[in-house]
$ cat structure-v2.txt   # compact mmCIF, C-alpha atoms and all ligand atoms
# COMPACT_ATOMS: atom_id res chain seq x y z
CA MET A 1 33.13 -40.73 -23.28
CA GLU A 2 29.48 -40.10 -24.15
CA ASN A 3 28.26 -36.70 -25.26
CA LEU A 4 27.79 -34.68 -22.10
CA ARG A 5 26.27 -31.74 -23.94
CA ASP A 6 23.12 -33.86 -23.94
CA LYS A 7 22.32 -32.92 -20.35
CA THR A 8 18.92 -34.60 -20.44
CA SER A 9 20.65 -37.96 -20.39
CA VAL A 10 21.95 -37.30 -16.88
CA ILE A 11 19.24 -38.38 -14.45
CA LEU A 12 19.08 -36.85 -10.97
CA ARG A 13 17.28 -38.95 -8.39
CA ARG A 14 17.17 -40.00 -4.75
CA MET A 15 19.92 -42.41 -3.72
CA GLU A 16 18.69 -45.96 -3.17
CA VAL A 17 20.21 -48.73 -1.09
CA SER A 18 21.05 -50.57 -4.32
CA ASP A 19 23.30 -47.60 -5.32
CA LEU A 20 25.45 -47.81 -2.20
CA GLU A 21 28.17 -50.06 -3.58
CA GLU A 22 28.77 -47.64 -6.47
CA VAL A 23 28.48 -44.54 -4.27
CA ILE A 24 30.95 -45.94 -1.73
CA ALA A 25 33.36 -46.91 -4.52
CA LEU A 26 33.21 -43.31 -5.83
CA GLU A 27 33.61 -41.84 -2.35
CA SER A 28 36.60 -44.12 -1.57
CA LEU A 29 38.25 -43.17 -4.84
CA VAL A 30 37.72 -39.42 -4.51
CA PHE A 31 38.28 -38.94 -0.77
CA ASN A 32 40.43 -41.99 0.00
CA THR A 33 38.06 -43.00 2.80
CA HIS A 34 36.35 -46.30 3.56
CA PRO A 35 32.77 -45.58 4.59
CA ASP A 36 30.85 -48.25 6.49
CA ILE A 37 28.04 -49.58 4.29
CA ASP A 38 25.64 -50.20 7.20
CA SER A 39 25.91 -46.62 8.48
CA TYR A 40 25.49 -45.37 4.91
CA LYS A 41 22.42 -47.55 4.48
CA LYS A 42 20.83 -46.18 7.67
CA ALA A 43 21.55 -42.59 6.64
CA CYS A 44 20.29 -43.17 3.10
CA LEU A 45 16.96 -44.53 4.40
CA CYS A 46 16.47 -41.69 6.90
CA LYS A 47 13.70 -39.34 5.72
CA GLU A 48 15.43 -36.25 7.16
CA ASN A 49 18.45 -36.82 4.93
CA ILE A 50 18.68 -35.72 1.32
CA TYR A 51 20.87 -38.24 -0.43
CA MET A 52 20.87 -37.88 -4.21
CA VAL A 53 22.76 -39.30 -7.17
CA ALA A 54 23.35 -38.38 -10.80
CA GLU A 55 23.10 -41.33 -13.13
CA LYS A 56 24.17 -41.68 -16.74
CA SER A 57 23.68 -44.85 -18.78
CA ASP A 58 22.85 -46.79 -15.58
CA LYS A 59 26.08 -45.68 -13.92
CA ILE A 60 26.35 -43.42 -10.86
CA ILE A 61 28.56 -40.49 -11.88
CA ALA A 62 27.96 -38.17 -8.92
CA TYR A 63 26.36 -38.03 -5.52
CA CYS A 64 25.48 -35.47 -2.87
CA THR A 65 24.64 -36.13 0.77
CA ILE A 66 22.87 -33.63 3.02
CA VAL A 67 21.73 -34.24 6.58
CA THR A 68 18.97 -31.98 7.85
CA SER A 69 18.10 -31.21 11.43
CA TYR A 70 15.20 -28.78 11.92
CA GLU A 71 16.18 -25.45 10.29
CA THR A 72 19.80 -26.39 9.61
CA ALA A 73 21.26 -28.78 7.05
CA ASP A 74 24.83 -30.04 6.74
CA LEU A 75 26.25 -30.78 3.35
CA CYS A 76 28.34 -33.86 4.13
CA ASN A 77 29.73 -34.70 0.71
CA ILE A 78 29.46 -34.01 -2.98
CA ALA A 79 31.58 -35.63 -5.66
CA VAL A 80 31.57 -36.18 -9.39
CA THR A 81 33.52 -38.90 -11.22
CA GLU A 82 36.67 -37.28 -12.55
CA GLY A 83 35.97 -37.59 -16.28
CA TYR A 84 32.54 -35.97 -15.90
CA ARG A 85 33.59 -32.82 -14.05
CA ARG A 86 33.01 -29.23 -15.33
CA ASN A 87 29.73 -30.20 -16.96
CA HIS A 88 27.52 -28.57 -14.33
CA ILE A 89 26.54 -31.95 -12.94
CA ALA A 90 27.41 -31.03 -9.32
CA GLN A 91 25.62 -27.72 -9.77
CA ARG A 92 22.43 -29.38 -10.97
CA LEU A 93 22.64 -32.02 -8.25
CA LEU A 94 23.19 -29.53 -5.43
CA LEU A 95 20.45 -27.19 -6.66
CA GLU A 96 18.06 -30.14 -6.76
CA CYS A 97 19.04 -30.98 -3.15
CA ILE A 98 18.48 -27.32 -2.22
CA LEU A 99 14.93 -27.51 -3.60
CA HIS A 100 14.28 -30.48 -1.29
CA CYS A 101 15.79 -28.51 1.63
CA ILE A 102 13.49 -25.55 0.94
CA ALA A 103 10.49 -27.87 0.73
CA MET A 104 11.46 -29.25 4.18
CA GLY A 105 11.69 -25.77 5.70
CA THR A 106 15.49 -25.68 5.95
CA GLU A 107 16.81 -22.17 6.58
CA ARG A 108 20.54 -22.66 6.04
CA ILE A 109 23.02 -25.17 4.69
CA LEU A 110 26.45 -25.46 6.31
CA LEU A 111 29.57 -27.22 5.10
CA GLU A 112 33.28 -27.57 5.74
CA VAL A 113 35.84 -27.60 2.97
CA ARG A 114 39.63 -27.85 2.88
CA GLU A 115 41.23 -24.45 2.37
CA ASP A 116 43.34 -25.94 -0.45
CA ASN A 117 40.41 -27.53 -2.33
CA ILE A 118 40.15 -24.80 -4.96
CA PRO A 119 37.65 -26.54 -7.30
CA ALA A 120 35.28 -27.12 -4.37
CA LEU A 121 35.72 -23.57 -3.01
CA GLU A 122 35.00 -22.10 -6.45
CA PHE A 123 32.07 -24.42 -6.86
CA TYR A 124 30.48 -23.43 -3.54
CA LYS A 125 31.05 -19.74 -4.27
CA LYS A 126 29.21 -20.18 -7.58
CA ILE A 127 26.25 -21.61 -5.64
CA ASP A 128 26.43 -18.56 -3.36
CA PHE A 129 27.87 -20.16 -0.23
CA LYS A 130 29.68 -17.59 1.95
CA GLU A 131 32.65 -18.16 4.24
CA ILE A 132 31.55 -17.72 7.88
CA GLY A 133 34.54 -19.11 9.77
CA ARG A 134 37.54 -21.42 9.93
CA ARG A 135 38.63 -24.43 11.95
CA LYS A 136 42.38 -24.27 12.34
CA GLY A 137 44.18 -27.53 11.51
CA TYR A 138 40.89 -29.42 11.14
CA TYR A 139 42.32 -31.73 8.49
CA ILE A 140 45.45 -33.79 8.96
CA LYS A 141 47.54 -35.77 6.46
CA PRO A 142 47.83 -33.40 4.72
CA TYR A 143 47.30 -30.61 7.23
CA ALA A 144 44.79 -27.90 6.28
CA ASP A 145 42.31 -25.54 7.86
CA ALA A 146 38.63 -26.12 7.24
CA ILE A 147 36.68 -23.24 5.81
CA ILE A 148 33.13 -23.18 7.13
CA MET A 149 30.64 -21.98 4.56
CA GLN A 150 26.95 -21.24 4.74
CA LYS A 151 24.17 -20.69 2.26
CA SER A 152 21.08 -19.00 3.61
CA LEU A 153 17.85 -20.25 2.12
CA LEU A 154 15.84 -17.48 3.78
CA SER A 155 16.81 -15.04 1.05
CA VAL A 156 15.49 -17.48 -1.57
CA PRO A 157 11.91 -16.27 -1.98
CA SER A 158 10.38 -19.42 -3.42
CA ILE A 159 11.01 -22.77 -5.03
CA SER A 160 10.08 -21.34 -8.44
CA THR A 161 12.83 -18.72 -8.05
CA VAL A 162 15.42 -21.47 -7.49
CA GLN A 163 14.07 -23.33 -10.50
CA THR A 164 14.37 -20.21 -12.67
CA HIS A 165 17.88 -19.59 -11.28
CA THR A 166 18.80 -23.20 -12.09
CA LYS A 167 17.57 -22.82 -15.67
CA ASN A 168 19.50 -19.57 -16.10
CA ILE A 169 22.86 -20.87 -14.93
CA LEU A 170 22.79 -24.22 -16.73
C1 LIG B 201 33.83 -29.88 -6.52
C2 LIG B 201 33.14 -30.78 -7.56
C3 LIG B 201 32.03 -31.58 -6.86
C4 LIG B 201 32.53 -29.88 -8.65
O1 LIG B 201 31.84 -30.72 -9.57
P1 LIG B 201 31.61 -30.32 -11.09
O2 LIG B 201 30.47 -31.14 -11.62
O3 LIG B 201 32.88 -30.39 -11.83
O4 LIG B 201 31.19 -28.79 -10.96
P2 LIG B 201 30.26 -27.97 -11.96
O5 LIG B 201 30.59 -28.33 -13.38
O6 LIG B 201 28.83 -28.10 -11.55
O7 LIG B 201 30.81 -26.49 -11.69
C5 LIG B 201 29.95 -25.41 -11.39
C6 LIG B 201 30.82 -24.18 -11.20
O8 LIG B 201 31.73 -24.38 -10.09
C7 LIG B 201 33.00 -23.76 -10.40
N1 LIG B 201 34.03 -24.82 -10.54
C8 LIG B 201 33.85 -26.15 -10.55
N2 LIG B 201 35.02 -26.80 -10.68
C9 LIG B 201 35.98 -25.85 -10.76
C10 LIG B 201 37.38 -25.88 -10.93
N3 LIG B 201 38.05 -27.04 -11.05
N4 LIG B 201 38.07 -24.70 -11.00
C11 LIG B 201 37.40 -23.51 -10.91
N5 LIG B 201 36.04 -23.42 -10.75
C12 LIG B 201 35.36 -24.56 -10.69
C13 LIG B 201 32.80 -23.00 -11.72
O9 LIG B 201 32.31 -21.71 -11.40
C14 LIG B 201 31.70 -23.84 -12.39
O10 LIG B 201 30.93 -23.11 -13.31
P3 LIG B 201 31.48 -22.91 -14.84
O11 LIG B 201 31.93 -24.26 -15.32
O12 LIG B 201 30.28 -22.39 -15.56
O13 LIG B 201 32.63 -21.94 -14.75
C15 LIG B 201 34.17 -31.74 -8.26
O14 LIG B 201 35.31 -31.00 -8.62
C16 LIG B 201 34.60 -32.92 -7.39
O15 LIG B 201 33.98 -33.97 -7.40
N6 LIG B 201 35.69 -32.74 -6.64
C17 LIG B 201 36.22 -33.81 -5.76
C18 LIG B 201 35.35 -33.99 -4.55
C19 LIG B 201 35.31 -32.76 -3.67
O16 LIG B 201 36.34 -32.11 -3.42
N7 LIG B 201 34.11 -32.45 -3.15
C20 LIG B 201 33.90 -31.34 -2.26
C21 LIG B 201 34.17 -31.79 -0.87
S1 LIG B 201 33.99 -30.46 0.28
$ encode --input "structure-v2.txt" --output "C-alpha cells" --more "lines below"
Ligand SMILES: CC(C)(COP(=O)(O)OP(=O)(O)OC[C@H]1O[C@@H](n2cnc3c(N)ncnc32)[C@H](O)[C@@H]1OP(=O)(O)O)[C@@H](O)C(=O)NCCC(=O)NCCS
Amino acid sequence: MENLRDKTSVILRRMEVSDLEEVIALESLVFNTHPDIDSYKKACLCKENIYMVAEKSDKIIAYCTIVTSYETADLCNIAVTEGYRRNHIAQRLLLECILHCIAMGTERILLEVREDNIPALEFYKKIDFKEIGRRKGYYIKPYADAIIMQKSLLSVPSISTVQTHTKNIL
C-alpha cells in the first residue's frame, strides 16, 4: 500500500456522476447493499446534497453522503476502504462536509448508527456527535437498535474555527 502518512496525496472533492460505479462498489462491499444507480445519480446531482469522495491515485477510497433540508442535514453514509482506515480520512472527509453544511446554513446533522458498530460510534464521538435517542430493533439481520446521534453546528462559531479545529486534530 502507498504511504498514507503523505496526507496531501489524498484528494477530497465533490462526488461526480463518473464516480458512481466505484462508490456503489464500495458501498455494496462495506454495507452489503445494492444501491440503485439512477437514484444515486439523482441524489448526487441535487444541489442540496453534500456528496463527497476521497481519492488517492485516481481511486475512490472513501465517500460521505449528506442530505440537507433547510436547517437539518442527515448523514446517510460514510465509508472508507478497509485497508485505508485509521488514517483520519473519514475525519477529514466529514469535517469538509461539515464546512459545506455550515456554509449552507445547516444547524444540525443527524444520523443513525447500529449500536454494535463500535468503530463508527467511536468515530462519531470523536467528531462530537451526541446520542439523542434510540430506535429499538431498527436493524434486522442481524438485529440491533439504532442509536440516533446529533451534532449541533450552532455552537460552531465560524467556518475558520472548524478549519482550525480540523488542522489541530489531523
Ligand atoms: C467508521 C469509519 C468510516 C471510520 O473511518 P476511518 O477513516 O478509519 O476513521 P478515522 O481514521 O478518521 O478515525 C477518526 C477517529 O475515530 C475513532 N475511530 C475510528 N475508527 C475506530 C475504531 N476502529 N476503533 C476505535 N475508534 C475508532 C478514533 O477516535 C479516530 O481517531 P484516532 O485514530 O486519532 O484515535 C470506518 O471504520 C468505516 O468505513 N467503517 C465501515 C462503514 C461504517 O460503518 N460506516 C458508518 C455507518 S453509520
$ residues_around --input "structure-v2.txt" --residues "Leu111 (chain A)" --least-positions-apart "3" --cutoff "7 Å" --atoms "only C-alpha atoms" --output "PyMOL selection string"
chain A and resi 74-76+148-150
$ closest_atom_pairs --input "structure-v2.txt" --of "chain A" --to "ligand LIG 201 (chain B)" --cutoff "7 Å" --atoms "only C-alpha atoms and all ligand atoms" --output "Markdown table"
| residue | atom | partner | partner_atom | distance |
| --- | --- | --- | --- | --- |
| A:Val30 | CA | B:LIG201 | C18 | 5.9 |
| A:Phe31 | CA | B:LIG201 | C18 | 6.9 |
| A:Asn77 | CA | B:LIG201 | C21 | 5.5 |
| A:Ile78 | CA | B:LIG201 | N7 | 4.9 |
| A:Ala79 | CA | B:LIG201 | O15 | 3.4 |
| A:Val80 | CA | B:LIG201 | O15 | 3.8 |
| A:Thr81 | CA | B:LIG201 | O15 | 6.3 |
| A:Glu82 | CA | B:LIG201 | O15 | 6.7 |
| A:Tyr84 | CA | B:LIG201 | O2 | 6.8 |
| A:Arg85 | CA | B:LIG201 | O3 | 3.4 |
| A:Arg86 | CA | B:LIG201 | O5 | 3.2 |
| A:Asn87 | CA | B:LIG201 | O5 | 4.1 |
| A:His88 | CA | B:LIG201 | O6 | 3.1 |
| A:Ile89 | CA | B:LIG201 | O2 | 4.2 |
| A:Ala90 | CA | B:LIG201 | O2 | 3.8 |
| A:Gln91 | CA | B:LIG201 | O6 | 3.7 |
| A:Arg92 | CA | B:LIG201 | O6 | 6.6 |
| A:Glu112 | CA | B:LIG201 | S1 | 6.2 |
| A:Val113 | CA | B:LIG201 | S1 | 4.3 |
| A:Arg114 | CA | B:LIG201 | S1 | 6.7 |
| A:Asn117 | CA | B:LIG201 | O16 | 6.2 |
| A:Ile118 | CA | B:LIG201 | N4 | 6.4 |
| A:Pro119 | CA | B:LIG201 | C10 | 3.7 |
| A:Ala120 | CA | B:LIG201 | C1 | 3.8 |
| A:Glu122 | CA | B:LIG201 | N5 | 4.6 |
| A:Phe123 | CA | B:LIG201 | O8 | 3.2 |
| A:Tyr124 | CA | B:LIG201 | O8 | 6.7 |
| A:Lys126 | CA | B:LIG201 | O9 | 5.2 |
$ atom_distance --input "structure-v2.txt" --atom1 "CA of Ala43 (chain A)" --atom2 "CA of Val23 (chain A)"
13.1 Å
$ residues_around --input "structure-v2.txt" --residues "Lys141 (chain A)" --least-positions-apart "4" --cutoff "12 Å" --atoms "all atoms listed in the file" --output "PDB file with C-alpha atoms, in the frame of the given file"
ATOM      1  CA  ASN A  32      40.430 -41.990   0.000  1.00  0.00           C
ATOM      2  CA  ARG A 114      39.630 -27.850   2.880  1.00  0.00           C
ATOM      3  CA  GLY A 137      44.180 -27.530  11.510  1.00  0.00           C
ATOM      4  CA  ASP A 145      42.310 -25.540   7.860  1.00  0.00           C
TER       5      ASP A 145
END
$ closest_residue --input "structure-v2.txt" --among "A:Glu115, A:Asp38, A:Glu71, A:Glu55" --to "Leu153 (chain A)" --atoms "only C-alpha atoms"
A:Glu71
$ build_atoms --input "structure-v2.txt" --residues "region 96-108 of chain A" --atoms "N, CA and C atoms" --output "tab-separated table (two decimals), in the frame of the given file"
chain	number	residue	atom	x	y	z
A	96	GLU	N	19.20	-29.24	-6.97
A	96	GLU	CA	18.06	-30.14	-6.76
A	96	GLU	C	17.92	-30.47	-5.26
A	97	CYS	N	19.05	-30.71	-4.60
A	97	CYS	CA	19.04	-30.98	-3.15
A	97	CYS	C	18.51	-29.75	-2.40
A	98	ILE	N	18.91	-28.56	-2.88
A	98	ILE	CA	18.48	-27.32	-2.22
A	98	ILE	C	16.95	-27.18	-2.32
A	99	LEU	N	16.40	-27.56	-3.45
A	99	LEU	CA	14.93	-27.51	-3.60
A	99	LEU	C	14.26	-28.39	-2.55
A	100	HIS	N	14.84	-29.58	-2.32
A	100	HIS	CA	14.28	-30.48	-1.29
A	100	HIS	C	14.43	-29.84	0.09
A	101	CYS	N	15.58	-29.19	0.34
A	101	CYS	CA	15.79	-28.51	1.63
A	101	CYS	C	14.73	-27.44	1.85
A	102	ILE	N	14.49	-26.63	0.82
A	102	ILE	CA	13.49	-25.55	0.94
A	102	ILE	C	12.12	-26.16	1.23
A	103	ALA	N	11.80	-27.23	0.53
A	103	ALA	CA	10.49	-27.87	0.73
A	103	ALA	C	10.36	-28.39	2.17
A	104	MET	N	11.50	-28.73	2.80
A	104	MET	CA	11.46	-29.25	4.18
A	104	MET	C	11.53	-28.13	5.22
A	105	GLY	N	11.64	-26.89	4.76
A	105	GLY	CA	11.69	-25.77	5.70
A	105	GLY	C	13.10	-25.45	6.22
A	106	THR	N	14.11	-25.97	5.55
A	106	THR	CA	15.49	-25.68	5.95
A	106	THR	C	15.81	-24.21	5.72
A	107	GLU	N	16.49	-23.60	6.70
A	107	GLU	CA	16.81	-22.17	6.58
A	107	GLU	C	18.25	-21.92	6.14
A	108	ARG	N	19.13	-22.86	6.43
A	108	ARG	CA	20.54	-22.66	6.04
A	108	ARG	C	21.22	-24.00	5.81
